[in-house]
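What follows is a single structure, written as structure tokens, with notes after it.
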Amino acid sequence: MISALKVVVCALALLSSVYGQNTCRYPDQFIWGINASQDIYYRYGINGNWVQKPGKLVYLDYLHNCNGGIVWGINASQDIYYLDSPNGSFRQIPGKLVYLRIAKNGVVWGINSNNDIYVTQNPNQNWRNISGKLVYLDIANDGRVWGINKAGDIYTRPGIEGQWVQVPGNLKFLRVQANTGRVWGINKNKEIYTKTLNQNNWTKIEGSLVYLDVDDNGVVWGINSNDDIYRREGEKGSWKQIPGKLRVLRIIKQGTVIGINAQQDIYHSNPNGSWTQISGKLVKLWGPGRAQSD
């Protein structure tokens, strides 16, 4: 009797596991882009086809989920829009912003034209003003926010209910490795720095970049002022130049990189180091859960 019961329990667990896997309608991630006319496009993974979405945006952020993901966007008039799935329709959200980011838990952080900071936990909730001024921010998976103000001063806070703490240093751009919280930054002189929350000082990294992105394995991809592309295996690695030229890039699922060159052509990386062109023209693009063209 006990053995038979164990068999039944195991069978139910297996069925539950299989059923749970099948409930994810979109296990892969979407890629979103905006062209020079502010038209909005999305595609399901590298091998999908571009689908135009009605509306005009100059900026958006995308967070993947099993229903296809949510999108928050901003148009040229600084109006805010929300989309709850690729098949849905954009709806306007009260307020004005010039920049926003979606945290892993769906919380949205925004910055307006006066550098004021706002946060909302869902599209049906009013915006809450957060003390301080920023021009840019990024968010780790645990909700910790890192931001830069107009003067390049760096601040961090553990989340909505935390307090801003100034971090020594000066940066023009930063990116947070979402799963570990390690920060990679670039200053106005295009110098590269990295640190963890608990490190007192920034570690200077050799090289010069104007943009970078980092994945959950700590692999960093960067672009210099000549549109040259570089890849590095974490803090202790070394830069390896990758053939090609890109103006913006984004690391997406399984280490694949998708990027746009100066002619607005779109490419994705291959395991052998080559690039494959994707149809279409874009000026900005986003992958799963992180803003791309900041």
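As shown in the structure tokens, the chain order sets the letters A, B, ...; within each chain, residues go from 1, and ligands are also counted from 1 in the order they appear.
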
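Residues lying within 10 Å of Val219 (chain A), counting only C-alpha atoms and ignoring same-chain neighbours fewer than 3 positions away, are Gln177, Asp213, Val214, Asp215, Asp216, Arg231, Arg232, Glu233, Gly234, Glu235, Gly237, Ile251 and Gly255 of chain A.
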
Dump as CSV the rows for residues of region 59-133 of chain A within 12 Å of region 161-164 of chain A: closest atom pair and distance in Å with one decimal, only C-alpha atoms counted, ordered by chain and rising residue number.
```
residue,atom,partner,partner_atom,distance
A:Ile117,CA,A:Trp164,CA,11.8
A:Val119,CA,A:Glu161,CA,10.9
A:Arg128,CA,A:Glu161,CA,11.3
A:Asn129,CA,A:Glu161,CA,11.7
A:Ile130,CA,A:Glu161,CA,9.4
A:Ser131,CA,A:Trp164,CA,8.4
A:Gly132,CA,A:Trp164,CA,7.9
A:Lys133,CA,A:Trp164,CA,10.4
```

Write a file of the just-selected residues containing N, CA and C atoms, as a CSV table (one decimal), in the first residue's frame.
```csv
chain,number,residue,atom,x,y,z
A,117,ILE,N,12.3,62.2,-9.1
A,117,ILE,CA,12.2,60.7,-9.1
A,117,ILE,C,10.8,60.3,-8.6
A,119,VAL,N,8.0,56.7,-8.3
A,119,VAL,CA,7.9,55.2,-8.3
A,119,VAL,C,6.4,54.8,-8.2
A,128,ARG,N,4.4,57.9,-6.7
A,128,ARG,CA,4.9,58.4,-5.4
A,128,ARG,C,6.3,59.1,-5.7
A,129,ASN,N,6.4,60.4,-5.2
A,129,ASN,CA,7.6,61.1,-5.3
A,129,ASN,C,8.7,60.6,-4.3
A,130,ILE,N,9.9,60.4,-4.9
A,130,ILE,CA,11.0,59.9,-4.0
A,130,ILE,C,12.0,61.1,-3.9
A,131,SER,N,12.4,61.4,-2.7
A,131,SER,CA,13.4,62.5,-2.6
A,131,SER,C,14.6,62.4,-3.4
A,132,GLY,N,15.2,63.5,-3.8
A,132,GLY,CA,16.4,63.5,-4.6
A,132,GLY,C,16.2,63.8,-6.0
A,133,LYS,N,17.3,63.9,-6.8
A,133,LYS,CA,17.3,64.3,-8.2
A,133,LYS,C,18.3,63.3,-8.9
```

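Every protein, DNA or RNA residue with an atom at most 8 Å from Pro54 (chain A), where only C-alpha atoms count and chain neighbours fewer than 2 positions away do not, is listed here: Asp39, Ile40, Gln52 and Lys56 of chain A.
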
Using only C-alpha atoms, which residues sit within 12 Å of Pro158 (chain A) once same-chain residues fewer than 6 positions away are excluded, as an MDAnalysis selection string? chainID A and resid 139:147 164:165 181 197

Could those residues be written to a file, using C-alpha atoms, as a PDB file, in the first residue's frame?
```pdb
ATOM      1  CA  ILE A 139      18.035  48.304 -10.643  1.00  0.00           C
ATOM      2  CA  ALA A 140      19.348  44.962  -9.326  1.00  0.00           C
ATOM      3  CA  ASN A 141      17.121  41.903  -8.958  1.00  0.00           C
ATOM      4  CA  ASP A 142      16.856  42.478  -5.185  1.00  0.00           C
ATOM      5  CA  GLY A 143      15.379  45.928  -5.790  1.00  0.00           C
ATOM      6  CA  ARG A 144      18.473  47.967  -4.991  1.00  0.00           C
ATOM      7  CA  VAL A 145      18.611  51.119  -7.089  1.00  0.00           C
ATOM      8  CA  TRP A 146      21.750  52.822  -8.349  1.00  0.00           C
ATOM      9  CA  GLY A 147      21.487  56.308  -9.808  1.00  0.00           C
ATOM     10  CA  TRP A 164      19.757  57.424  -0.698  1.00  0.00           C
ATOM     11  CA  VAL A 165      23.413  56.976   0.222  1.00  0.00           C
ATOM     12  CA  GLY A 181      24.429  43.732  -7.802  1.00  0.00           C
ATOM     13  CA  LEU A 197      28.097  47.309  -2.823  1.00  0.00           C
TER      14      LEU A 197
END
```
